Every structure is written in structure tokens, then in C-alpha cells.
Amino acid sequence: MEAIDYVKLFKLDQENYDFKREEFISELGKEFLDYCQTTTIGIDKKTGNIYYYRFREIVKNFETKFWAISELKIGEPLTQKLWNAFFATQVVPLRQRLFPKVQKLIEEQKGITPNRSKQDKKPTNHKKANYGKGNHRPAWE
């Protein structure tokens, strides 16, 4: 579907409407999954699996579509939080399924383990950070 189709389907072109966020995320998620499964570009010919670079391109394309829907919407625009919800509920689970090693690496880099959430991570004390030789702070601080 094009951005305008989402606007019409979810009545985003009307001022007084009951926007069903969960349904919107679900519908965009179905299209995202279908696109990832049916794309013929960026596929490993031996395994038939999508390459990660292509997966990332598709995610970026859907983010562009999300913001295009937001621009066509009447009233308040769609929010970054709604995009983040889509990403967390649709993109991350698919990435986990298709690219478990990449997902594990991302979680390790963010300090997230199965028993330790992002909120449990200790705050960083930037004053104690080592900025290289001589421990000088960078000019932008």
C-alpha cells in the first residue's frame, strides 16, 4: 500500500476519528513482513534468504513511508514513539528470527542481555571517561 492508502484506511484525513494505533502498527507490520518475504532483490541464491543489508534498506523504506503517512495526516503528526513501537514489535522480532547473530550483537552492544534490561544498565559517568592521550575532553564538550 502507498502512504495515501494508509491515510484513507485509517481515516487519517479526518479531524475527528478514533485512530487505532495497534491496528495501524499491525497492518504496516504485515506489509513489512510480506515485503521482506517476497522481495527478489538482495537474496542469497544458495539459501534463498534475504541479506542483512537488504533488510536494513527495507526498514529504511518503511520508515520513509511512515513519515510520508504522517505528512498526509490531518491534525497532529505521527510520533517518534509510534515509529519506535512499530520497530520494537515488528522489525526487532523479524530481525531476531532472520538474523539471530546480528540481533545478539546489537543486544550485546547496547548492554542488553536476557536477564538485564536497558533500564537496569548502570548510568555512565562521562566525567571519568578517557578521551585519549592526556585525558583531554573533546572540543564539542
# chains A, B, ... in the order shown; residues from 1 in each chain; ligands from 1
$ select_by_dssp --residues "range 31-120 of chain A" --states "alpha helix (DSSP H)" --output "VMD selection string"
chain A and resid 31 to 38 52 to 72 80 to 86 92 to 98 100 to 110
$ residues_around --residues "Gly48 in chain A" --least-positions-apart "5" --cutoff "12 Å" --atoms "only C-alpha atoms" --output "PyMOL selection string"
chain A and resi 36-43+98
$ write_last_selection --atoms "N, CA and C atoms" --output "PDB file, in the first residue's frame"
ATOM      1  N   CYS A  36       9.412  -8.305   3.023  1.00  0.00           N
ATOM      2  CA  CYS A  36      10.681  -8.991   3.319  1.00  0.00           C
ATOM      3  C   CYS A  36      10.681 -10.419   2.771  1.00  0.00           C
ATOM      4  N   GLN A  37       9.531 -11.053   2.797  1.00  0.00           N
ATOM      5  CA  GLN A  37       9.433 -12.440   2.346  1.00  0.00           C
ATOM      6  C   GLN A  37       9.348 -12.568   0.833  1.00  0.00           C
ATOM      7  N   THR A  38       8.893 -11.524   0.158  1.00  0.00           N
ATOM      8  CA  THR A  38       8.686 -11.645  -1.287  1.00  0.00           C
ATOM      9  C   THR A  38       9.670 -10.857  -2.135  1.00  0.00           C
ATOM     10  N   THR A  39      10.541 -10.074  -1.500  1.00  0.00           N
ATOM     11  CA  THR A  39      11.498  -9.297  -2.287  1.00  0.00           C
ATOM     12  C   THR A  39      12.411 -10.241  -3.074  1.00  0.00           C
ATOM     13  N   THR A  40      12.753  -9.811  -4.254  1.00  0.00           N
ATOM     14  CA  THR A  40      13.651 -10.619  -5.089  1.00  0.00           C
ATOM     15  C   THR A  40      15.020  -9.963  -5.201  1.00  0.00           C
ATOM     16  N   ILE A  41      15.169  -8.814  -4.559  1.00  0.00           N
ATOM     17  CA  ILE A  41      16.434  -8.079  -4.577  1.00  0.00           C
ATOM     18  C   ILE A  41      17.176  -8.364  -3.278  1.00  0.00           C
ATOM     19  N   GLY A  42      18.471  -8.647  -3.374  1.00  0.00           N
ATOM     20  CA  GLY A  42      19.279  -8.858  -2.184  1.00  0.00           C
ATOM     21  C   GLY A  42      19.038 -10.203  -1.524  1.00  0.00           C
ATOM     22  N   ILE A  43      18.844 -11.215  -2.352  1.00  0.00           N
ATOM     23  CA  ILE A  43      18.583 -12.561  -1.849  1.00  0.00           C
ATOM     24  C   ILE A  43      19.794 -13.449  -2.130  1.00  0.00           C
ATOM     25  N   LEU A  98      15.346 -13.782  11.517  1.00  0.00           N
ATOM     26  CA  LEU A  98      16.137 -13.911  10.298  1.00  0.00           C
ATOM     27  C   LEU A  98      17.646 -13.785  10.530  1.00  0.00           C
TER      28      LEU A  98
END
$ closest_residue --among "A:Glu2, A:Lys101, A:Pro93, A:Gly111" --to "Asn61 in chain A" --atoms "only C-alpha atoms"
A:Glu2
$ closest_residue --among "A:Tyr51, A:Tyr35, A:Phe99, A:Phe24" --to "Ala85 in chain A" --atoms "only C-alpha atoms"
A:Phe24
$ closest_residue --among "A:Gln109, A:Gln103, A:Gln90, A:Asn84" --to "Glu31 in chain A" --atoms "only C-alpha atoms"
A:Gln90
$ atom_distance --atom1 "CA of Leu33 in chain A" --atom2 "CA of Glu63 in chain A"
13.9 Å
$ closest_residue --among "A:Leu9, A:Glu76, A:Ala3, A:Phe86" --to "Thr64 in chain A" --atoms "only C-alpha atoms"
A:Ala3
$ closest_residue --among "A:Trp83, A:Phe10, A:Phe32, A:Phe19" --to "Val59 in chain A" --atoms "only C-alpha atoms"
A:Phe32
$ closest_residue --among "A:Phe66, A:Tyr17, A:Tyr6, A:Phe55" --to "Leu78 in chain A" --atoms "only C-alpha atoms"
A:Phe66
$ atom_distance --atom1 "CA of Ile74 in chain A" --atom2 "CA of Leu12 in chain A"
6.1 Å
